[in-house]
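K.L.:
Provided below: query.cif, containing mmCIF, C-alpha atoms.
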```
data_work
#
loop_
_atom_site.label_atom_id
_atom_site.label_comp_id
_atom_site.auth_asym_id
_atom_site.auth_seq_id
_atom_site.Cartn_x
_atom_site.Cartn_y
_atom_site.Cartn_z
CA MET B 30 90.85 25.94 20.58
CA ASN B 31 89.92 22.51 19.20
CA ARG B 32 87.82 23.00 16.09
CA VAL B 33 87.02 20.88 13.05
CA GLU B 34 85.53 22.48 9.93
CA VAL B 35 83.52 20.72 7.22
CA ILE B 36 83.60 22.77 4.02
CA GLY B 37 81.43 21.93 1.04
CA VAL B 38 83.15 22.39 -2.32
CA THR B 39 80.80 24.39 -4.52
CA GLY B 40 80.91 25.41 -8.15
CA LEU B 41 81.95 22.06 -9.59
CA PRO B 42 80.49 21.42 -13.06
CA THR B 43 78.70 18.21 -14.01
CA ILE B 44 81.50 15.69 -13.89
CA LYS B 45 81.94 13.31 -16.80
CA GLU B 46 84.25 10.55 -17.94
CA GLY B 47 87.86 11.62 -18.36
CA ASP B 48 87.60 14.77 -16.25
CA ASP B 49 90.59 15.62 -14.05
CA LEU B 50 88.79 15.47 -10.72
CA ALA B 51 91.81 16.44 -8.64
CA LYS B 52 92.39 19.57 -10.72
CA MET B 53 88.70 20.49 -10.60
CA VAL B 54 88.63 20.18 -6.80
CA CYS B 55 91.78 22.28 -6.41
CA GLU B 56 90.40 25.00 -8.67
CA ALA B 57 86.98 25.02 -7.00
CA THR B 58 88.38 25.27 -3.47
CA LYS B 59 90.59 28.15 -4.57
CA ARG B 60 87.68 29.99 -6.22
CA GLN B 61 85.57 29.80 -3.08
CA GLY B 62 88.37 31.08 -0.87
CA THR B 63 89.25 27.80 0.84
CA PRO B 64 92.33 26.57 -1.04
CA ILE B 65 93.76 23.18 -0.15
CA GLN B 66 95.97 23.17 2.95
CA ASN B 67 98.35 20.64 4.46
CA GLY B 68 96.45 18.15 6.60
CA ASP B 69 93.12 18.60 4.85
CA ILE B 70 90.92 15.53 4.46
CA ILE B 71 89.04 15.55 1.16
CA VAL B 72 85.91 13.42 1.06
CA ILE B 73 84.55 12.60 -2.40
CA THR B 74 81.37 10.70 -3.21
CA HIS B 75 81.98 7.50 -5.11
CA VAL B 76 79.51 8.48 -7.83
CA VAL B 77 81.67 11.31 -9.19
CA VAL B 78 84.78 9.12 -9.03
CA SER B 79 82.97 6.40 -10.97
CA ARG B 80 81.78 8.95 -13.51
CA THR B 81 85.32 10.23 -14.17
CA GLU B 82 86.50 6.63 -14.54
CA GLY B 83 83.67 5.71 -16.91
CA ASN B 84 82.29 3.16 -14.49
CA VAL B 85 78.71 3.88 -15.55
CA VAL B 86 76.31 1.43 -17.19
CA ASN B 87 73.34 2.14 -19.45
CA LEU B 88 70.67 -0.35 -18.40
CA ASP B 89 69.34 -0.57 -21.95
CA ASN B 90 72.59 -2.29 -22.94
CA VAL B 91 72.24 -5.03 -20.31
CA ILE B 92 70.88 -8.50 -21.08
CA PRO B 93 69.31 -9.93 -17.90
CA SER B 94 69.77 -13.53 -16.83
CA ASP B 95 66.85 -15.84 -16.12
CA PHE B 96 67.43 -15.37 -12.38
CA ALA B 97 67.32 -11.59 -12.74
CA LYS B 98 64.13 -11.81 -14.80
CA ALA B 99 62.43 -14.07 -12.27
CA PHE B 100 63.41 -11.90 -9.29
CA ALA B 101 62.36 -8.72 -11.11
CA GLN B 102 59.01 -10.16 -12.16
CA ARG B 103 58.19 -11.33 -8.65
CA PHE B 104 58.96 -8.00 -7.01
CA ASN B 105 58.14 -5.61 -9.89
CA LYS B 106 61.76 -4.55 -10.40
CA ASP B 107 63.80 -3.69 -13.46
CA PRO B 108 65.44 -6.96 -14.60
CA ASN B 109 68.31 -5.08 -16.22
CA LEU B 110 69.09 -3.32 -12.95
CA ILE B 111 68.89 -6.59 -11.02
CA GLU B 112 71.33 -8.11 -13.48
CA VAL B 113 73.85 -5.29 -12.94
CA ILE B 114 73.54 -5.72 -9.17
CA LEU B 115 74.20 -9.45 -9.49
CA ARG B 116 77.19 -8.92 -11.78
CA GLU B 117 78.75 -6.53 -9.27
CA SER B 118 78.36 -8.98 -6.40
CA ARG B 119 80.56 -11.74 -5.06
CA SER B 120 77.61 -13.32 -3.26
CA ILE B 121 74.05 -12.65 -2.12
CA VAL B 122 73.99 -12.20 1.66
CA ARG B 123 70.22 -11.66 2.11
CA MET B 124 67.26 -11.33 -0.21
CA GLY B 125 63.58 -10.79 0.48
CA ASP B 126 60.69 -8.41 -0.21
CA GLY B 127 62.46 -7.27 -3.34
CA LYS B 128 65.62 -6.26 -1.49
CA LEU B 129 69.10 -7.53 -2.25
CA ILE B 130 71.92 -7.34 0.29
CA THR B 131 75.11 -8.43 -1.42
CA GLU B 132 78.80 -8.76 -0.85
CA THR B 133 80.56 -6.76 -3.53
CA LYS B 134 83.72 -7.75 -5.33
CA HIS B 135 85.51 -5.39 -2.91
CA GLY B 136 84.18 -7.33 0.10
CA LEU B 137 81.66 -4.67 1.15
CA VAL B 138 78.27 -5.89 2.37
CA CYS B 139 75.64 -3.42 1.23
CA ALA B 140 72.34 -2.98 -0.58
CA ASN B 141 72.31 -3.56 -4.33
CA SER B 142 76.09 -3.95 -4.64
CA GLY B 143 76.42 -0.18 -4.30
CA VAL B 144 74.83 0.37 -7.73
CA ASP B 145 73.52 3.95 -7.69
CA HIS B 146 70.90 5.86 -9.70
CA SER B 147 71.38 9.10 -7.77
CA ASN B 148 73.30 11.98 -9.32
CA VAL B 149 73.99 10.09 -12.55
CA PRO B 150 73.04 11.92 -15.78
CA GLY B 151 70.72 9.89 -18.00
CA LYS B 152 67.54 8.18 -16.82
CA ARG B 153 68.80 4.70 -17.70
CA ASN B 154 72.35 5.15 -16.45
CA VAL B 155 73.63 3.82 -13.13
CA ALA B 156 77.00 4.27 -11.46
CA LEU B 157 78.89 1.25 -10.19
CA LEU B 158 81.38 1.43 -7.35
CA PRO B 159 84.91 2.32 -8.50
CA LYS B 160 86.77 -0.83 -9.49
CA ASN B 161 89.53 -0.12 -6.99
CA PRO B 162 88.49 2.72 -4.64
CA ASP B 163 91.78 2.77 -2.73
CA ARG B 164 93.76 3.13 -5.94
CA SER B 165 91.40 5.87 -7.09
CA ALA B 166 91.97 7.70 -3.80
CA GLN B 167 95.73 7.31 -4.12
CA GLU B 168 95.73 8.73 -7.65
CA ILE B 169 93.66 11.75 -6.63
CA ARG B 170 95.94 12.36 -3.64
CA ARG B 171 99.08 12.19 -5.76
CA GLU B 172 97.64 14.61 -8.30
CA ILE B 173 96.56 17.11 -5.63
CA ARG B 174 100.05 17.00 -4.12
CA LYS B 175 101.52 17.60 -7.57
CA LEU B 176 99.19 20.55 -8.21
CA THR B 177 99.36 22.21 -4.79
CA GLY B 178 102.39 20.83 -2.98
CA LYS B 179 100.08 20.00 -0.06
CA ASP B 180 99.89 16.69 1.77
CA VAL B 181 96.25 15.66 2.16
CA ALA B 182 94.19 12.57 2.88
CA ILE B 183 91.52 11.33 0.51
CA ILE B 184 88.36 9.43 1.41
CA ILE B 185 85.95 8.06 -1.17
CA SER B 186 82.55 7.65 0.46
CA ASP B 187 79.25 5.91 -0.14
CA THR B 188 75.85 5.84 1.54
CA HIS B 189 75.32 2.78 3.69
CA GLY B 190 72.58 1.22 5.80
CA ARG B 191 73.23 -0.47 9.15
CA PRO B 192 71.84 -3.53 10.92
CA LEU B 193 69.32 -2.67 13.62
CA ARG B 194 69.43 1.09 12.90
CA GLU B 195 67.08 3.15 10.74
CA GLY B 196 68.44 5.67 8.27
CA GLU B 197 71.68 5.72 6.34
CA ILE B 198 75.13 7.10 6.99
CA ASN B 199 78.16 7.60 4.80
CA ILE B 200 81.11 5.24 5.05
CA ALA B 201 84.59 5.10 3.54
CA ILE B 202 85.07 2.70 0.63
CA GLY B 203 88.47 4.06 -0.43
CA VAL B 204 91.23 5.86 1.48
CA ALA B 205 94.68 7.29 0.88
CA GLY B 206 97.08 8.93 3.30
CA ILE B 207 95.02 8.13 6.40
CA ASN B 208 94.68 5.16 8.69
CA PRO B 209 90.91 4.49 8.61
CA ILE B 210 90.97 3.19 12.20
CA ARG B 211 92.34 5.07 15.19
CA ASP B 212 93.51 2.44 17.66
CA ARG B 213 93.13 3.79 21.19
CA ARG B 214 93.75 0.57 23.06
CA LYS B 215 96.18 0.97 25.95
CA GLU B 216 95.27 4.66 26.29
CA LYS B 217 93.94 5.87 29.64
CA ASP B 218 90.42 7.22 30.05
CA LEU B 219 89.42 10.18 32.23
CA PHE B 220 89.61 8.07 35.38
CA GLY B 221 92.82 6.26 34.57
CA TYR B 222 91.32 3.03 33.24
CA THR B 223 93.21 1.38 30.39
CA LEU B 224 91.13 1.10 27.22
CA LYS B 225 91.00 -2.47 25.90
CA ILE B 226 88.65 -2.47 22.90
CA LYS B 227 88.54 1.14 21.71
CA ARG B 228 89.16 1.24 17.96
CA THR B 229 87.42 4.17 16.27
CA ALA B 230 86.42 3.93 12.61
CA ILE B 231 87.46 7.51 11.92
CA ALA B 232 87.24 7.22 8.12
CA ASP B 233 83.56 6.32 8.44
CA GLU B 234 82.98 9.09 10.96
CA LEU B 235 84.66 11.62 8.68
CA SER B 236 82.60 10.38 5.73
CA SER B 237 79.38 10.92 7.66
CA ALA B 238 80.53 14.34 8.84
CA ALA B 239 81.19 15.30 5.23
CA GLU B 240 77.72 14.10 4.23
CA LEU B 241 76.23 16.90 6.32
CA VAL B 242 77.31 19.36 3.60
CA ILE B 243 77.47 17.04 0.62
CA GLY B 244 74.24 17.29 -1.34
CA GLN B 245 72.16 14.27 -2.30
CA ALA B 246 69.60 16.37 -4.15
CA ASP B 247 69.61 19.89 -5.62
CA GLU B 248 72.68 21.20 -3.79
CA GLY B 249 75.07 19.49 -6.19
CA ILE B 250 78.00 19.27 -3.76
CA PRO B 251 79.88 15.99 -4.25
CA VAL B 252 83.06 16.93 -2.36
CA ALA B 253 83.84 18.25 1.12
CA VAL B 254 87.05 19.36 2.80
CA ILE B 255 87.46 18.51 6.48
CA ARG B 256 89.95 20.81 8.14
CA GLY B 257 91.43 20.83 11.62
CA TYR B 258 91.19 17.13 12.45
CA SER B 259 94.50 15.53 13.43
CA TYR B 260 94.34 12.10 11.83
CA PRO B 261 96.78 9.18 11.93
CA LYS B 262 98.66 9.21 8.65
CA SER B 263 99.46 6.07 6.71
CA GLU B 264 100.72 5.14 3.27
CA ARG B 265 99.79 1.46 3.45
CA THR B 266 96.31 1.09 4.92
CA LYS B 267 93.18 0.55 2.84
CA ALA B 268 89.45 0.96 3.35
CA THR B 269 88.91 -2.78 3.46
CA ASP B 270 90.71 -2.71 6.83
CA LEU B 271 87.32 -1.54 8.12
CA ILE B 272 85.54 -4.73 7.03
CA ARG B 273 84.94 -7.06 9.93
CA PRO B 274 86.10 -10.62 9.18
CA ARG B 275 83.19 -12.94 8.50
CA GLU B 276 84.12 -15.19 11.43
CA LYS B 277 83.67 -12.24 13.79
CA ASP B 278 80.41 -10.99 12.33
CA LEU B 279 77.31 -11.61 14.46
CA PHE B 280 74.78 -10.46 11.85
CA ILE B 281 75.65 -12.44 8.71
#
```
Since I need it in another form, could you write the structure as structure tokens?
P.N.:
Amino acid sequence: MNRVEVIGVTGLPTIKEGDDLAKMVCEATKRQGTPIQNGDIIVITHVVVSRTEGNVVNLDNVIPSDFAKAFAQRFNKDPNLIEVILRESRSIVRMGDGKLITETKHGLVCANSGVDHSNVPGKRNVALLPKNPDRSAQEIRREIRKLTGKDVAIIISDTHGRPLREGEINIAIGVAGINPIRDRRKEKDLFGYTLKIKRTAIADELSSAAELVIGQADEGIPVAVIRGYSYPKSERTKATDLIRPREKDLFI
């Protein structure tokens, strides 16, 4: 029987800088009776990764630029937060009505450079995206293999809006051990037609599946294990493979 399970990892404490996230995940999955298995895909929210890496900023320690002050005053925003968003960006893609869509230093196009207030202890603290999400995923994967002997894939996820669609989904911003795109071109469909453009962003789909059990509010579940999905393995791919080249983008 084909079946995919999405298992929320419960019982994790409040994660802080310097914590061994891989060890904590292994211990928590074991305590809840779902120890790590070969082929598991572990999806982790970027916020807890950033917290372990100390990639958190206290807004009271930020000195805003004149541009940040002007933007904040016009739209009744926090100038210190606007300054952090600008610092984390490579460029501003769109701005209006107090909203900033930026291209991050990683090449992601998203709201507010991925700077996040949610699930960050301290009212004036915000989490930035991990400096190198793929490297973070690789390190977590290596440590889990060392602790358990199991070969797993790691996805670091973030909430993301989409052009022309309401609501948000989760996407992959860092991967390890998995090809984020399943290329199905040249396969045959049900009626024997050869697929020509079918490339499935499985890392994004898995991230959104995980979000169904990952808590954004009082549940406190920042990690999920996806079990039973046969994914294309890879040691060389990266999450930025999912970014459409600017020359092919119809919306920017």
K.L.:
Within 6 Å of (90.7, 13.1, 7.3), in the coordinates the file gives, what residues turn up when you count only C-alpha atoms, written out as number ranges by chain?
P.N.:
B: 70, 182, 260
K.L.:
Kindly extract all protein, DNA and RNA residues lying within 7 Å of the coordinates (85.8, 5.6, 8.5) given in the file, considering all atoms listed in the file, and supply them as number ranges by chain.
P.N.:
B: 200-201, 209-210, 230-236
K.L.:
Identify all residues satisfying the PyMOL selection byres ((chain B and resi 125) around 12) in the given file; provide them as a list in words.
P.N.:
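This file gives the following for the PyMOL selection byres ((chain B and resi 125) around 12): Phe100, Ala101, Arg103, Phe104, Ile121, Val122, Arg123, Met124, Asp126, Gly127, Lys128, Leu129, Ile130, Thr131 and Ala140 of chain B.
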K.L.:
Take the residues from that selection and put them in a file with C-alpha atoms, as an mmCIF file, keeping the file's coordinate frame.
P.N.:
```cif
data_model
loop_
_atom_site.group_PDB
_atom_site.id
_atom_site.type_symbol
_atom_site.label_atom_id
_atom_site.label_comp_id
_atom_site.auth_asym_id
_atom_site.auth_seq_id
_atom_site.Cartn_x
_atom_site.Cartn_y
_atom_site.Cartn_z
ATOM 1 C CA PHE B 100 63.410 -11.900 -9.290
ATOM 2 C CA ALA B 101 62.360 -8.720 -11.110
ATOM 3 C CA ARG B 103 58.190 -11.330 -8.650
ATOM 4 C CA PHE B 104 58.960 -8.000 -7.010
ATOM 5 C CA ILE B 121 74.050 -12.650 -2.120
ATOM 6 C CA VAL B 122 73.990 -12.200 1.660
ATOM 7 C CA ARG B 123 70.220 -11.660 2.110
ATOM 8 C CA MET B 124 67.260 -11.330 -0.210
ATOM 9 C CA ASP B 126 60.690 -8.410 -0.210
ATOM 10 C CA GLY B 127 62.460 -7.270 -3.340
ATOM 11 C CA LYS B 128 65.620 -6.260 -1.490
ATOM 12 C CA LEU B 129 69.100 -7.530 -2.250
ATOM 13 C CA ILE B 130 71.920 -7.340 0.290
ATOM 14 C CA THR B 131 75.110 -8.430 -1.420
ATOM 15 C CA ALA B 140 72.340 -2.980 -0.580
#
```
K.L.:
On this structure, the PyMOL selection byres ((chain B and resi 59-64) around 9) would catch which residues? List them as a PyMOL selection string, sorted by chain and number.
P.N.:
chain B and resi 36+38-40+54-58+65-66+254
K.L.:
Which residues match the PyMOL selection byres ((chain B and resi 181) around 12) in the file above, as a short mmCIF file (atom, residue, chain, number, x, y, z; two decimals) with C-alpha atoms, keeping the file's coordinate frame?
P.N.:
```cif
data_model
loop_
_atom_site.label_atom_id
_atom_site.label_comp_id
_atom_site.auth_asym_id
_atom_site.auth_seq_id
_atom_site.Cartn_x
_atom_site.Cartn_y
_atom_site.Cartn_z
CA ALA B 51 91.81 16.44 -8.64
CA CYS B 55 91.78 22.28 -6.41
CA ILE B 65 93.76 23.18 -0.15
CA GLN B 66 95.97 23.17 2.95
CA ASN B 67 98.35 20.64 4.46
CA GLY B 68 96.45 18.15 6.60
CA ASP B 69 93.12 18.60 4.85
CA ILE B 70 90.92 15.53 4.46
CA ILE B 71 89.04 15.55 1.16
CA VAL B 72 85.91 13.42 1.06
CA ALA B 166 91.97 7.70 -3.80
CA GLN B 167 95.73 7.31 -4.12
CA ILE B 169 93.66 11.75 -6.63
CA ARG B 170 95.94 12.36 -3.64
CA ARG B 171 99.08 12.19 -5.76
CA GLU B 172 97.64 14.61 -8.30
CA ILE B 173 96.56 17.11 -5.63
CA ARG B 174 100.05 17.00 -4.12
CA LYS B 175 101.52 17.60 -7.57
CA LEU B 176 99.19 20.55 -8.21
CA THR B 177 99.36 22.21 -4.79
CA GLY B 178 102.39 20.83 -2.98
CA LYS B 179 100.08 20.00 -0.06
CA ASP B 180 99.89 16.69 1.77
CA ALA B 182 94.19 12.57 2.88
CA ILE B 183 91.52 11.33 0.51
CA ILE B 184 88.36 9.43 1.41
CA VAL B 204 91.23 5.86 1.48
CA ALA B 205 94.68 7.29 0.88
CA GLY B 206 97.08 8.93 3.30
CA ILE B 207 95.02 8.13 6.40
CA VAL B 254 87.05 19.36 2.80
CA ILE B 255 87.46 18.51 6.48
CA ARG B 256 89.95 20.81 8.14
CA GLY B 257 91.43 20.83 11.62
CA TYR B 258 91.19 17.13 12.45
CA SER B 259 94.50 15.53 13.43
CA TYR B 260 94.34 12.10 11.83
CA PRO B 261 96.78 9.18 11.93
CA LYS B 262 98.66 9.21 8.65
CA SER B 263 99.46 6.07 6.71
CA GLU B 264 100.72 5.14 3.27
#
```
K.L.:
With all atoms listed in the file as the basis for distance, which of B:Lys152, B:Leu137, B:His146, B:Gly196 is at the shortest distance from B:Pro274?
P.N.:
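Of all the options, B:Leu137 lies closest to B:Pro274.
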K.L.:
Need to verify the contact set: B:Asp212, 8 Å, all atoms listed in the file, exclusion of same-chain residues closer than 4 positions in sequence. Can you return it as an mmCIF file with C-alpha atoms, in the frame of the given file?
P.N.:
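Listing of result20.cif after writing:
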```
data_model
loop_
_atom_site.group_PDB
_atom_site.id
_atom_site.type_symbol
_atom_site.label_atom_id
_atom_site.label_comp_id
_atom_site.auth_asym_id
_atom_site.auth_seq_id
_atom_site.Cartn_x
_atom_site.Cartn_y
_atom_site.Cartn_z
ATOM 1 C CA LYS B 227 88.540 1.140 21.710
ATOM 2 C CA ARG B 228 89.160 1.240 17.960
ATOM 3 C CA THR B 229 87.420 4.170 16.270
#
```
K.L.:
Could you give me, as JSON lines, a per-residue list for stretch 167-266 of chain B showing, wherever an atom lies at most 12 Å from an atom of stretch 77-98 of chain B, the closest pair of atoms and their distance in Å to one decimal, using all atoms listed in the file and sorting by chain then residue number from low to high?
P.N.:
```
{"residue": "B:Glu168", "atom": "CA", "partner": "B:Val78", "partner_atom": "CA", "distance": 11.0}
{"residue": "B:Ile169", "atom": "CA", "partner": "B:Val78", "partner_atom": "CA", "distance": 9.6}
{"residue": "B:Ile183", "atom": "CA", "partner": "B:Val78", "partner_atom": "CA", "distance": 11.9}
{"residue": "B:Ile184", "atom": "CA", "partner": "B:Val78", "partner_atom": "CA", "distance": 11.0}
{"residue": "B:Ile185", "atom": "CA", "partner": "B:Val78", "partner_atom": "CA", "distance": 8.0}
{"residue": "B:Ser186", "atom": "CA", "partner": "B:Val78", "partner_atom": "CA", "distance": 9.9}
{"residue": "B:Asp187", "atom": "CA", "partner": "B:Val77", "partner_atom": "CA", "distance": 10.8}
{"residue": "B:Ile202", "atom": "CA", "partner": "B:Val78", "partner_atom": "CA", "distance": 11.6}
{"residue": "B:Gly203", "atom": "CA", "partner": "B:Val78", "partner_atom": "CA", "distance": 10.6}
{"residue": "B:Gly249", "atom": "CA", "partner": "B:Val77", "partner_atom": "CA", "distance": 10.9}
{"residue": "B:Ile250", "atom": "CA", "partner": "B:Val77", "partner_atom": "CA", "distance": 10.3}
{"residue": "B:Pro251", "atom": "CA", "partner": "B:Val77", "partner_atom": "CA", "distance": 7.0}
{"residue": "B:Val252", "atom": "CA", "partner": "B:Val77", "partner_atom": "CA", "distance": 9.0}
```
